[in-house]
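Participant: Encoded as structure tokens, here's the structure I'll be asking about.
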Number of protein chains: 2
Amino acid sequence: MPESTSPKVVTAALLVIGDEILSGRTKDKNIGYIADHLSAIGIQLKEVRIVPDETGKIVSSVNTLRAAFDYLLTTGGIGPTHDDITADAVAKAFGVPIGVDPRAVAVMKPYYDSRGLEFTAARQRMARIPEGADLVENPVSRAPGFQIGNVIVLAGVPNIMQAMLQSITPRLNVGDRMLSTTVTVHRPESEVAELFEATQSHFPDVAMGSYPFSEDGVYGAHLVLRSTSQARLNAAEAELKSRLSGHGLL
Amino acid sequence: MPESTSPKVVTAALLVIGDEILSGRTKDKNIGYIADHLSAIGIQLKEVRIVPDETGKIVSSVNTLRAAFDYLLTTGGIGPTHDDITADAVAKAFGVPIGVDPRAVAVMKPYYDSRGLEFTAARQRMARIPEGADLVENPVSRAPGFQIGNVIVLAGVPNIMQAMLQSITPRLNVGDRMLSTTVTVHRPESEVAELFEATQSHFPDVAMGSYPFSEDGVYGAHLVLRSTSQARLNAAEAELKSRLSGHGLL
């Protein structure tokens with residue numbers, strides 16, 4: 001590679017927890033949002049898993065993914081009902097105790113008090129935080145998420161998840177942003193495949209993918225180039241365009 | 001359990017293959033569709049993974065998931081460009097050779113011929129099928145998916161994936177359908193949590209989940225009950241409603 005320094009890479013996985021996503025009842029709205037957000041701040045999302053509300057499955061997934069990537073984010077399962085088992089499962093994965101956390105009570109109780117609501121056992125369930133975790137602020141409805149080690153536990157309700165992700169972002173260690181450029185051709189991707197592959201072979205450090213589309217019955221493809229180096233991206237794009245133009249395909 | 005026979009359970013996992021989903025560039029539209037479809041025909045989707053276009057990662061995920069569930073469906077990575085590596089990775093996972101399959105050529109070549117298009121090397125790439133696999137028909141654009149063992153390889157483009165899923169459905173072994181009913185309360189879920197949990201403890205065989213929503217600033221929850229037995233579902237629903245009514249929560 002012509003680059004003088006190698007890019008700084010920070011990776012993450014996402015664990016989506018919830019029977020309702022797997023049954024089809026609820027359509028996930030968090031994966032795409034989190035993928036966009038992480039890309040924008042310089043963290044590469046490398047794997048996503050969706051698992052049911054089963055302690056054993058959550059524990060094993062948390063332990064596999066937190067060992068394999070720099071960060072693991074989770075969504076779902078931190079509400080007040082008996083099917084919300086994420087906090088307990090994460091505590092189990094780390095082998096630490098869990099209980100009602102005074103810091104969580106301190107942000108939640110005044111919120112309920114101000115609305116004339118009791119801080120019931122069910123609501124206190126949302127204050128259960130594994131020992132050694134830092135809280136993640138929830139500006140929407142107060143019940144916090146938390147971070148323990150490299151695992152960040154977020155709500156599943158999209159607007160709350162998004163607010164928590166915003167809260168946590170300043171403390172994340174980030175890498176070089178993956179930059180991308182798209183060359184769009186109005187030909188079936190099979191007609192540009194050879195030239196595309198030839199370009200890839202000259203730029204093994206630039207990730208290249210072809211994404212077909214059809215518009216009004218005309219087939220086309222978005223040829224996407226991705227790299228942390230703007231210089232490499234520009235060079236690869238120039239070569240690809242030159243090859244395509246040379247064959248009358250652009 | 002009061003049921004005289006235990007339900008027939010058939011499980012599946014889904015492996016979504018593609019850098020573009022993890023980068024956020026493309027928003028997945030297949031997971032929710034496949035979840036709905038499998039639920040409707042009596043197959044329980046138990047896990048989903050999204051992995052990048054990396055052979056090693058695809059191979060290990062295929063081998064883990066095909067061993068753990070009755071079926072593994074995959075989406076993505078079977079097009080004509082160099083980043084389409086799913087068929088080769090699946091062949092590697094099974095330890096079988098892969099080559100251009102005459103059955104695939106037989107459905108693809110006439111399609112290109114009829115449009116005056118050459119059956120180029122790139123298009124022939126889409127006819128590469130692992131040895132021992134059955135083809136999955138693609139009525140949209142001909143290039144087939146395939147099934148090898150309990151692994152079913154589908155396209156990533158949603159309308160093609162959907163057509164292939166339709167093609168494959170009659171050959172799937174299915175179990176008892178998971179039935180569900182929803183009790184909607186217009187209270188924060190924390191206020192119904194105790195009664196909901198008490199009902200769950202009486203019906204350990206009925207899966208119960210609470211899914212909060214807010215509408216015009218009013219908090220509510222969908223309490224979802226799921227079982228393969230209509231009788232058990234009815235009994236659990238009746239008890240939950242009675243408990244909620246008794247406390248003026250319904």
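Note on naming: chains are A, B, ... as they come in the structure tokens, residues start from 1 per chain, ligands start from 1 in the order shown.
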When you look at Met178 in chain A with a cut-off of 8 Å (counting only C-alpha atoms), what residues show up, excluding the ones that are within fewer than 4 positions of it in the same chain? I need them as JSON, numbers by chain.

Facilitator: {"A": [39, 42, 44, 226, 227, 228, 229]}

Participant: Give me the residues of chain B that have any atom at most 8 Å from an atom of chain A; for each, the nearest atom pair and the distance in Å, rounded to one decimal. Use only C-alpha atoms, sort by chain and number, and format it as a Markdown table.

Facilitator:
```
| residue | atom | partner | partner_atom | distance |
| --- | --- | --- | --- | --- |
| B:Asp19 | CA | A:Gly209 | CA | 7.9 |
| B:Glu20 | CA | A:Gly209 | CA | 7.8 |
| B:Ile21 | CA | A:Gly32 | CA | 7.4 |
| B:Leu22 | CA | A:Leu45 | CA | 5.6 |
| B:Ser23 | CA | A:Ala35 | CA | 5.6 |
| B:Gly24 | CA | A:Ala35 | CA | 4.6 |
| B:Arg25 | CA | A:Asp36 | CA | 7.4 |
| B:Thr26 | CA | A:Gly32 | CA | 7.9 |
| B:Lys27 | CA | A:Gly32 | CA | 5.6 |
| B:Asp28 | CA | A:Gly32 | CA | 7.5 |
| B:Gly32 | CA | A:Gly24 | CA | 5.4 |
| B:Tyr33 | CA | A:Gly24 | CA | 7.3 |
| B:Ile34 | CA | A:Gly24 | CA | 7.9 |
| B:Ala35 | CA | A:Gly24 | CA | 4.6 |
| B:Asp36 | CA | A:Gly24 | CA | 4.6 |
| B:Ser39 | CA | A:Ser23 | CA | 6.1 |
| B:Gln44 | CA | A:Ser23 | CA | 7.3 |
| B:Leu45 | CA | A:Leu22 | CA | 5.6 |
| B:Lys46 | CA | A:Leu22 | CA | 6.4 |
| B:Glu47 | CA | A:Val51 | CA | 5.1 |
| B:Val48 | CA | A:Ile50 | CA | 4.9 |
| B:Arg49 | CA | A:Arg49 | CA | 4.4 |
| B:Ile50 | CA | A:Val48 | CA | 4.9 |
| B:Val51 | CA | A:Glu47 | CA | 5.1 |
| B:Pro52 | CA | A:Lys46 | CA | 6.6 |
| B:Pro80 | CA | A:Ser190 | CA | 5.4 |
| B:Thr81 | CA | A:Ala193 | CA | 4.9 |
| B:His82 | CA | A:Glu197 | CA | 5.8 |
| B:Asp83 | CA | A:Gly209 | CA | 5.8 |
| B:Thr120 | CA | A:Ser190 | CA | 7.9 |
| B:Ala122 | CA | A:Ser190 | CA | 5.4 |
| B:Arg123 | CA | A:Ser190 | CA | 5.8 |
| B:Val157 | CA | A:Pro212 | CA | 7.9 |
| B:Glu189 | CA | A:Pro80 | CA | 7.0 |
| B:Ser190 | CA | A:Pro80 | CA | 5.4 |
| B:Glu191 | CA | A:Ala122 | CA | 7.4 |
| B:Ala193 | CA | A:Thr81 | CA | 4.9 |
| B:Glu194 | CA | A:Ala122 | CA | 6.8 |
| B:Phe196 | CA | A:Thr81 | CA | 7.7 |
| B:Glu197 | CA | A:His82 | CA | 5.8 |
| B:Met208 | CA | A:Asp83 | CA | 7.2 |
| B:Gly209 | CA | A:Asp83 | CA | 5.7 |
| B:Ser210 | CA | A:Thr81 | CA | 6.7 |
| B:Pro212 | CA | A:Val157 | CA | 7.9 |
```

Participant: Apply DSSP to the structure's backbone, then extract all residues of range 47-233 of chain B labelled alpha helix (DSSP H) and return them as a PyMOL selection string.

Facilitator: chain B and resi 55-68+86-94+102-114+121-125+158-168+189-202+230-233

Participant: Select, from A:Val185, A:Ala231, A:Ala143, A:Leu165, the residue with the minimum atom-to-atom distance to Glu215 in chain A, counting only C-alpha atoms.

Facilitator: A:Val185

Participant: Could you check how far CA of Thr11 in chain B sits from CA of Phe69 in chain B, in Å to one decimal?

Facilitator: 5.5 Å

Participant: Just the residues within 9 Å of His186 in chain B, please, counting only C-alpha atoms, with nothing from its chain fewer than 5 positions along; format it as an NGL selection string.

Facilitator: :B and (214 or 218-222 or 249-250)

Participant: From the DSSP assignment of the backbone, select every residue of range 22-173 of chain A that is strand (DSSP E or B), and format the answer as a PDB file with all heavy atoms, in the first residue's frame.

Facilitator:
```pdb
ATOM      1  N   GLN A  44     -16.312   0.658  12.635  1.00  0.00           N
ATOM      2  CA  GLN A  44     -16.787  -0.272  11.613  1.00  0.00           C
ATOM      3  C   GLN A  44     -17.656  -1.352  12.244  1.00  0.00           C
ATOM      4  O   GLN A  44     -17.186  -2.146  13.050  1.00  0.00           O
ATOM      5  CB  GLN A  44     -15.601  -0.917  10.888  1.00  0.00           C
ATOM      6  CG  GLN A  44     -14.782   0.105  10.103  1.00  0.00           C
ATOM      7  CD  GLN A  44     -13.635  -0.526   9.319  1.00  0.00           C
ATOM      8  OE1 GLN A  44     -13.639  -1.726   9.044  1.00  0.00           O
ATOM      9  NE2 GLN A  44     -12.655   0.282   8.951  1.00  0.00           N
ATOM     10  N   LEU A  45     -18.933  -1.380  11.854  1.00  0.00           N
ATOM     11  CA  LEU A  45     -19.842  -2.428  12.326  1.00  0.00           C
ATOM     12  C   LEU A  45     -19.526  -3.700  11.529  1.00  0.00           C
ATOM     13  O   LEU A  45     -19.632  -3.719  10.306  1.00  0.00           O
ATOM     14  CB  LEU A  45     -21.295  -1.994  12.117  1.00  0.00           C
ATOM     15  CG  LEU A  45     -22.366  -2.984  12.591  1.00  0.00           C
ATOM     16  CD1 LEU A  45     -22.281  -3.237  14.093  1.00  0.00           C
ATOM     17  CD2 LEU A  45     -23.764  -2.470  12.225  1.00  0.00           C
ATOM     18  N   LYS A  46     -19.122  -4.757  12.233  1.00  0.00           N
ATOM     19  CA  LYS A  46     -18.633  -5.955  11.551  1.00  0.00           C
ATOM     20  C   LYS A  46     -19.585  -7.146  11.662  1.00  0.00           C
ATOM     21  O   LYS A  46     -19.431  -8.135  10.936  1.00  0.00           O
ATOM     22  CB  LYS A  46     -17.266  -6.369  12.117  1.00  0.00           C
ATOM     23  CG  LYS A  46     -16.178  -5.315  11.952  1.00  0.00           C
ATOM     24  CD  LYS A  46     -15.810  -5.041  10.506  1.00  0.00           C
ATOM     25  CE  LYS A  46     -14.852  -6.066   9.954  1.00  0.00           C
ATOM     26  NZ  LYS A  46     -14.490  -5.761   8.545  1.00  0.00           N
ATOM     27  N   GLU A  47     -20.509  -7.106  12.598  1.00  0.00           N
ATOM     28  CA  GLU A  47     -21.453  -8.223  12.712  1.00  0.00           C
ATOM     29  C   GLU A  47     -22.673  -7.772  13.499  1.00  0.00           C
ATOM     30  O   GLU A  47     -22.579  -6.962  14.412  1.00  0.00           O
ATOM     31  CB  GLU A  47     -20.787  -9.421  13.424  1.00  0.00           C
ATOM     32  CG  GLU A  47     -21.714 -10.623  13.532  1.00  0.00           C
ATOM     33  CD  GLU A  47     -20.989 -11.940  13.877  1.00  0.00           C
ATOM     34  OE1 GLU A  47     -19.750 -11.999  13.789  1.00  0.00           O
ATOM     35  OE2 GLU A  47     -21.697 -12.902  14.229  1.00  0.00           O
ATOM     36  N   VAL A  48     -23.827  -8.318  13.111  1.00  0.00           N
ATOM     37  CA  VAL A  48     -25.075  -8.099  13.852  1.00  0.00           C
ATOM     38  C   VAL A  48     -25.677  -9.468  14.141  1.00  0.00           C
ATOM     39  O   VAL A  48     -25.641 -10.356  13.276  1.00  0.00           O
ATOM     40  CB  VAL A  48     -26.085  -7.264  13.028  1.00  0.00           C
ATOM     41  CG1 VAL A  48     -27.401  -7.092  13.794  1.00  0.00           C
ATOM     42  CG2 VAL A  48     -25.503  -5.905  12.669  1.00  0.00           C
ATOM     43  N   ARG A  49     -26.185  -9.643  15.344  1.00  0.00           N
ATOM     44  CA  ARG A  49     -26.967 -10.847  15.634  1.00  0.00           C
ATOM     45  C   ARG A  49     -28.294 -10.446  16.252  1.00  0.00           C
ATOM     46  O   ARG A  49     -28.353  -9.510  17.041  1.00  0.00           O
ATOM     47  CB  ARG A  49     -26.230 -11.774  16.611  1.00  0.00           C
ATOM     48  CG  ARG A  49     -24.956 -12.340  16.030  1.00  0.00           C
ATOM     49  CD  ARG A  49     -24.374 -13.429  16.907  1.00  0.00           C
ATOM     50  NE  ARG A  49     -23.053 -13.797  16.407  1.00  0.00           N
ATOM     51  CZ  ARG A  49     -22.283 -14.746  16.933  1.00  0.00           C
ATOM     52  NH1 ARG A  49     -22.711 -15.430  18.007  1.00  0.00           N
ATOM     53  NH2 ARG A  49     -21.103 -15.023  16.424  1.00  0.00           N
ATOM     54  N   ILE A  50     -29.337 -11.174  15.865  1.00  0.00           N
ATOM     55  CA  ILE A  50     -30.645 -11.012  16.505  1.00  0.00           C
ATOM     56  C   ILE A  50     -30.941 -12.310  17.234  1.00  0.00           C
ATOM     57  O   ILE A  50     -30.913 -13.387  16.618  1.00  0.00           O
ATOM     58  CB  ILE A  50     -31.754 -10.725  15.467  1.00  0.00           C
ATOM     59  CG1 ILE A  50     -31.352  -9.576  14.536  1.00  0.00           C
ATOM     60  CG2 ILE A  50     -33.075 -10.428  16.178  1.00  0.00           C
ATOM     61  CD1 ILE A  50     -32.366  -9.291  13.422  1.00  0.00           C
ATOM     62  N   VAL A  51     -31.192 -12.226  18.537  1.00  0.00           N
ATOM     63  CA  VAL A  51     -31.456 -13.434  19.327  1.00  0.00           C
ATOM     64  C   VAL A  51     -32.735 -13.247  20.141  1.00  0.00           C
ATOM     65  O   VAL A  51     -33.164 -12.125  20.396  1.00  0.00           O
ATOM     66  CB  VAL A  51     -30.275 -13.765  20.272  1.00  0.00           C
ATOM     67  CG1 VAL A  51     -28.999 -14.067  19.474  1.00  0.00           C
ATOM     68  CG2 VAL A  51     -30.031 -12.653  21.281  1.00  0.00           C
ATOM     69  N   TYR A  71     -16.100  -2.982  20.412  1.00  0.00           N
ATOM     70  CA  TYR A  71     -17.308  -2.668  21.164  1.00  0.00           C
ATOM     71  C   TYR A  71     -18.411  -3.657  20.817  1.00  0.00           C
ATOM     72  O   TYR A  71     -18.457  -4.168  19.690  1.00  0.00           O
ATOM     73  CB  TYR A  71     -17.846  -1.264  20.821  1.00  0.00           C
ATOM     74  CG  TYR A  71     -16.986  -0.144  21.345  1.00  0.00           C
ATOM     75  CD1 TYR A  71     -16.171   0.591  20.479  1.00  0.00           C
ATOM     76  CD2 TYR A  71     -16.994   0.193  22.697  1.00  0.00           C
ATOM     77  CE1 TYR A  71     -15.383   1.624  20.951  1.00  0.00           C
ATOM     78  CE2 TYR A  71     -16.205   1.228  23.181  1.00  0.00           C
ATOM     79  CZ  TYR A  71     -15.404   1.945  22.308  1.00  0.00           C
ATOM     80  OH  TYR A  71     -14.627   2.963  22.770  1.00  0.00           O
ATOM     81  N   LEU A  72     -19.299  -3.873  21.780  1.00  0.00           N
ATOM     82  CA  LEU A  72     -20.557  -4.572  21.506  1.00  0.00           C
ATOM     83  C   LEU A  72     -21.689  -3.682  21.990  1.00  0.00           C
ATOM     84  O   LEU A  72     -21.719  -3.296  23.161  1.00  0.00           O
ATOM     85  CB  LEU A  72     -20.618  -5.917  22.237  1.00  0.00           C
ATOM     86  CG  LEU A  72     -22.006  -6.591  22.232  1.00  0.00           C
ATOM     87  CD1 LEU A  72     -22.455  -6.924  20.814  1.00  0.00           C
ATOM     88  CD2 LEU A  72     -21.999  -7.848  23.104  1.00  0.00           C
ATOM     89  N   LEU A  73     -22.592  -3.325  21.086  1.00  0.00           N
ATOM     90  CA  LEU A  73     -23.803  -2.604  21.469  1.00  0.00           C
ATOM     91  C   LEU A  73     -24.948  -3.603  21.525  1.00  0.00           C
ATOM     92  O   LEU A  73     -25.002  -4.532  20.697  1.00  0.00           O
ATOM     93  CB  LEU A  73     -24.136  -1.522  20.439  1.00  0.00           C
ATOM     94  CG  LEU A  73     -23.362  -0.202  20.512  1.00  0.00           C
ATOM     95  CD1 LEU A  73     -21.884  -0.402  20.191  1.00  0.00           C
ATOM     96  CD2 LEU A  73     -23.957   0.826  19.544  1.00  0.00           C
ATOM     97  N   THR A  74     -25.850  -3.438  22.483  1.00  0.00           N
ATOM     98  CA  THR A  74     -27.053  -4.260  22.474  1.00  0.00           C
ATOM     99  C   THR A  74     -28.269  -3.341  22.441  1.00  0.00           C
ATOM    100  O   THR A  74     -28.221  -2.215  22.930  1.00  0.00           O
ATOM    101  CB  THR A  74     -27.171  -5.191  23.708  1.00  0.00           C
ATOM    102  OG1 THR A  74     -27.595  -4.440  24.854  1.00  0.00           O
ATOM    103  CG2 THR A  74     -25.853  -5.886  24.017  1.00  0.00           C
ATOM    104  N   THR A  75     -29.356  -3.823  21.849  1.00  0.00           N
ATOM    105  CA  THR A  75     -30.631  -3.095  21.916  1.00  0.00           C
ATOM    106  C   THR A  75     -31.710  -4.042  22.406  1.00  0.00           C
ATOM    107  O   THR A  75     -31.726  -5.226  22.050  1.00  0.00           O
ATOM    108  CB  THR A  75     -31.078  -2.539  20.542  1.00  0.00           C
ATOM    109  OG1 THR A  75     -31.246  -3.630  19.624  1.00  0.00           O
ATOM    110  CG2 THR A  75     -30.081  -1.560  19.967  1.00  0.00           C
ATOM    111  N   ILE A  98     -25.810  -8.041  40.267  1.00  0.00           N
ATOM    112  CA  ILE A  98     -26.665  -6.964  39.748  1.00  0.00           C
ATOM    113  C   ILE A  98     -27.689  -6.617  40.817  1.00  0.00           C
ATOM    114  O   ILE A  98     -28.166  -7.506  41.536  1.00  0.00           O
ATOM    115  CB  ILE A  98     -27.354  -7.379  38.424  1.00  0.00           C
ATOM    116  CG1 ILE A  98     -28.243  -6.247  37.898  1.00  0.00           C
ATOM    117  CG2 ILE A  98     -28.142  -8.682  38.565  1.00  0.00           C
ATOM    118  CD1 ILE A  98     -28.744  -6.449  36.480  1.00  0.00           C
ATOM    119  N   GLY A  99     -27.996  -5.327  40.935  1.00  0.00           N
ATOM    120  CA  GLY A  99     -29.006  -4.906  41.899  1.00  0.00           C
ATOM    121  C   GLY A  99     -29.495  -3.524  41.519  1.00  0.00           C
ATOM    122  O   GLY A  99     -29.019  -2.934  40.535  1.00  0.00           O
ATOM    123  N   VAL A 100     -30.466  -3.026  42.285  1.00  0.00           N
ATOM    124  CA  VAL A 100     -30.976  -1.675  42.038  1.00  0.00           C
ATOM    125  C   VAL A 100     -29.847  -0.688  42.345  1.00  0.00           C
ATOM    126  O   VAL A 100     -29.260  -0.712  43.424  1.00  0.00           O
ATOM    127  CB  VAL A 100     -32.224  -1.406  42.897  1.00  0.00           C
ATOM    128  CG1 VAL A 100     -32.618   0.066  42.814  1.00  0.00           C
ATOM    129  CG2 VAL A 100     -33.383  -2.298  42.452  1.00  0.00           C
ATOM    130  N   ARG A 128     -32.059  -1.715  37.767  1.00  0.00           N
ATOM    131  CA  ARG A 128     -31.094  -2.799  38.017  1.00  0.00           C
ATOM    132  C   ARG A 128     -29.927  -2.686  37.036  1.00  0.00           C
ATOM    133  O   ARG A 128     -30.110  -2.737  35.825  1.00  0.00           O
ATOM    134  CB  ARG A 128     -31.773  -4.174  37.840  1.00  0.00           C
ATOM    135  CG  ARG A 128     -32.730  -4.528  38.970  1.00  0.00           C
ATOM    136  CD  ARG A 128     -33.553  -5.765  38.627  1.00  0.00           C
ATOM    137  NE  ARG A 128     -32.724  -6.967  38.450  1.00  0.00           N
ATOM    138  CZ  ARG A 128     -32.207  -7.671  39.445  1.00  0.00           C
ATOM    139  NH1 ARG A 128     -32.417  -7.306  40.696  1.00  0.00           N
ATOM    140  NH2 ARG A 128     -31.492  -8.747  39.192  1.00  0.00           N
ATOM    141  N   ILE A 129     -28.740  -2.502  37.590  1.00  0.00           N
ATOM    142  CA  ILE A 129     -27.540  -2.263  36.772  1.00  0.00           C
ATOM    143  C   ILE A 129     -26.436  -3.186  37.278  1.00  0.00           C
ATOM    144  O   ILE A 129     -26.231  -3.297  38.488  1.00  0.00           O
ATOM    145  CB  ILE A 129     -27.071  -0.788  36.924  1.00  0.00           C
ATOM    146  CG1 ILE A 129     -28.195   0.213  36.588  1.00  0.00           C
ATOM    147  CG2 ILE A 129     -25.821  -0.527  36.084  1.00  0.00           C
ATOM    148  CD1 ILE A 129     -28.579   0.319  35.131  1.00  0.00           C
ATOM    149  N   PRO A 130     -25.723  -3.867  36.390  1.00  0.00           N
ATOM    150  CA  PRO A 130     -24.628  -4.746  36.833  1.00  0.00           C
ATOM    151  C   PRO A 130     -23.541  -3.952  37.571  1.00  0.00           C
ATOM    152  O   PRO A 130     -23.262  -2.800  37.217  1.00  0.00           O
ATOM    153  CB  PRO A 130     -24.072  -5.315  35.514  1.00  0.00           C
ATOM    154  CG  PRO A 130     -25.173  -5.179  34.528  1.00  0.00           C
ATOM    155  CD  PRO A 130     -25.913  -3.929  34.926  1.00  0.00           C
ATOM    156  N   ASP A 134     -21.073   1.787  34.072  1.00  0.00           N
ATOM    157  CA  ASP A 134     -21.402   3.211  34.029  1.00  0.00           C
ATOM    158  C   ASP A 134     -22.789   3.365  33.416  1.00  0.00           C
ATOM    159  O   ASP A 134     -23.151   2.608  32.521  1.00  0.00           O
ATOM    160  CB  ASP A 134     -20.400   3.962  33.145  1.00  0.00           C
ATOM    161  CG  ASP A 134     -19.011   4.000  33.766  1.00  0.00           C
ATOM    162  OD1 ASP A 134     -18.924   4.131  35.011  1.00  0.00           O
ATOM    163  OD2 ASP A 134     -18.023   3.866  33.014  1.00  0.00           O
ATOM    164  N   LEU A 135     -23.517   4.365  33.879  1.00  0.00           N
ATOM    165  CA  LEU A 135     -24.852   4.589  33.304  1.00  0.00           C
ATOM    166  C   LEU A 135     -24.756   5.282  31.947  1.00  0.00           C
ATOM    167  O   LEU A 135     -23.842   6.053  31.687  1.00  0.00           O
ATOM    168  CB  LEU A 135     -25.692   5.459  34.235  1.00  0.00           C
ATOM    169  CG  LEU A 135     -25.932   4.931  35.654  1.00  0.00           C
ATOM    170  CD1 LEU A 135     -27.001   5.769  36.349  1.00  0.00           C
ATOM    171  CD2 LEU A 135     -26.333   3.458  35.635  1.00  0.00           C
ATOM    172  N   VAL A 136     -25.734   5.006  31.100  1.00  0.00           N
ATOM    173  CA  VAL A 136     -25.910   5.732  29.838  1.00  0.00           C
ATOM    174  C   VAL A 136     -27.203   6.536  29.966  1.00  0.00           C
ATOM    175  O   VAL A 136     -28.272   5.968  30.224  1.00  0.00           O
ATOM    176  CB  VAL A 136     -26.007   4.765  28.640  1.00  0.00           C
ATOM    177  CG1 VAL A 136     -26.359   5.525  27.363  1.00  0.00           C
ATOM    178  CG2 VAL A 136     -24.704   3.996  28.460  1.00  0.00           C
ATOM    179  N   GLY A 145     -29.585   3.294  30.201  1.00  0.00           N
ATOM    180  CA  GLY A 145     -28.816   2.162  29.705  1.00  0.00           C
ATOM    181  C   GLY A 145     -27.545   2.089  30.524  1.00  0.00           C
ATOM    182  O   GLY A 145     -27.407   2.781  31.535  1.00  0.00           O
ATOM    183  N   PHE A 146     -26.615   1.246  30.118  1.00  0.00           N
ATOM    184  CA  PHE A 146     -25.347   1.201  30.849  1.00  0.00           C
ATOM    185  C   PHE A 146     -24.236   0.659  29.960  1.00  0.00           C
ATOM    186  O   PHE A 146     -24.498   0.060  28.909  1.00  0.00           O
ATOM    187  CB  PHE A 146     -25.475   0.367  32.135  1.00  0.00           C
ATOM    188  CG  PHE A 146     -25.871  -1.069  31.931  1.00  0.00           C
ATOM    189  CD1 PHE A 146     -24.914  -2.053  31.663  1.00  0.00           C
ATOM    190  CD2 PHE A 146     -27.208  -1.458  31.999  1.00  0.00           C
ATOM    191  CE1 PHE A 146     -25.288  -3.383  31.485  1.00  0.00           C
ATOM    192  CE2 PHE A 146     -27.593  -2.788  31.821  1.00  0.00           C
ATOM    193  CZ  PHE A 146     -26.625  -3.746  31.566  1.00  0.00           C
ATOM    194  N   GLN A 147     -22.995   0.954  30.404  1.00  0.00           N
ATOM    195  CA  GLN A 147     -21.821   0.374  29.741  1.00  0.00           C
ATOM    196  C   GLN A 147     -21.018  -0.392  30.769  1.00  0.00           C
ATOM    197  O   GLN A 147     -20.710   0.121  31.848  1.00  0.00           O
ATOM    198  CB  GLN A 147     -20.945   1.483  29.123  1.00  0.00           C
ATOM    199  CG  GLN A 147     -19.617   0.915  28.573  1.00  0.00           C
ATOM    200  CD  GLN A 147     -18.816   1.891  27.727  1.00  0.00           C
ATOM    201  OE1 GLN A 147     -19.189   3.056  27.584  1.00  0.00           O
ATOM    202  NE2 GLN A 147     -17.720   1.419  27.160  1.00  0.00           N
ATOM    203  N   ILE A 148     -20.700  -1.634  30.459  1.00  0.00           N
ATOM    204  CA  ILE A 148     -19.801  -2.416  31.312  1.00  0.00           C
ATOM    205  C   ILE A 148     -18.713  -2.994  30.411  1.00  0.00           C
ATOM    206  O   ILE A 148     -19.009  -3.631  29.399  1.00  0.00           O
ATOM    207  CB  ILE A 148     -20.563  -3.502  32.111  1.00  0.00           C
ATOM    208  CG1 ILE A 148     -19.574  -4.321  32.971  1.00  0.00           C
ATOM    209  CG2 ILE A 148     -21.429  -4.384  31.248  1.00  0.00           C
ATOM    210  CD1 ILE A 148     -20.273  -5.193  34.027  1.00  0.00           C
ATOM    211  N   VAL A 151     -19.088  -3.321  26.548  1.00  0.00           N
ATOM    212  CA  VAL A 151     -20.475  -3.632  26.171  1.00  0.00           C
ATOM    213  C   VAL A 151     -21.397  -2.475  26.564  1.00  0.00           C
ATOM    214  O   VAL A 151     -21.388  -2.039  27.715  1.00  0.00           O
ATOM    215  CB  VAL A 151     -20.954  -4.935  26.848  1.00  0.00           C
ATOM    216  CG1 VAL A 151     -22.412  -5.225  26.486  1.00  0.00           C
ATOM    217  CG2 VAL A 151     -20.053  -6.102  26.429  1.00  0.00           C
ATOM    218  N   ILE A 152     -22.151  -1.997  25.588  1.00  0.00           N
ATOM    219  CA  ILE A 152     -23.019  -0.844  25.783  1.00  0.00           C
ATOM    220  C   ILE A 152     -24.465  -1.283  25.575  1.00  0.00           C
ATOM    221  O   ILE A 152     -24.824  -1.749  24.486  1.00  0.00           O
ATOM    222  CB  ILE A 152     -22.652   0.278  24.789  1.00  0.00           C
ATOM    223  CG1 ILE A 152     -21.208   0.728  25.062  1.00  0.00           C
ATOM    224  CG2 ILE A 152     -23.622   1.447  24.909  1.00  0.00           C
ATOM    225  CD1 ILE A 152     -20.606   1.558  23.946  1.00  0.00           C
ATOM    226  N   VAL A 153     -25.274  -1.172  26.620  1.00  0.00           N
ATOM    227  CA  VAL A 153     -26.632  -1.719  26.622  1.00  0.00           C
ATOM    228  C   VAL A 153     -27.626  -0.582  26.432  1.00  0.00           C
ATOM    229  O   VAL A 153     -27.725   0.306  27.276  1.00  0.00           O
ATOM    230  CB  VAL A 153     -26.884  -2.484  27.937  1.00  0.00           C
ATOM    231  CG1 VAL A 153     -28.335  -2.926  28.035  1.00  0.00           C
ATOM    232  CG2 VAL A 153     -25.935  -3.691  28.022  1.00  0.00           C
ATOM    233  N   LEU A 154     -28.356  -0.634  25.317  1.00  0.00           N
ATOM    234  CA  LEU A 154     -29.281   0.433  24.945  1.00  0.00           C
ATOM    235  C   LEU A 154     -30.709  -0.091  24.903  1.00  0.00           C
ATOM    236  O   LEU A 154     -30.947  -1.293  24.766  1.00  0.00           O
ATOM    237  CB  LEU A 154     -28.908   0.977  23.553  1.00  0.00           C
ATOM    238  CG  LEU A 154     -27.463   1.442  23.358  1.00  0.00           C
ATOM    239  CD1 LEU A 154     -27.210   1.807  21.892  1.00  0.00           C
ATOM    240  CD2 LEU A 154     -27.133   2.622  24.259  1.00  0.00           C
TER     241      LEU A 154
END
```

Participant: May I ask for the distance between CA of Ala91 in chain A and CA of Leu65 in chain A, given in Å to one decimal place?

Facilitator: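 Value for the CA of Ala91 in chain A-CA of Leu65 in chain A distance: 15.0 Å.
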
Participant: For Gly95 in chain B, which of B:Gly76, B:Gly248, B:Gly132, B:Ala236 is the closest residue, counting only C-alpha atoms?

Facilitator: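 Once distances to Gly95 in chain B are computed over only C-alpha atoms, the minimum belongs to B:Gly132.
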
Participant: Just to confirm, what's the straight-line distance from CA of Ser245 in chain A to CA of Leu223 in chain A in Å (one decimal)?

Facilitator: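 That distance, rounded to one decimal, is 14.2 Å.
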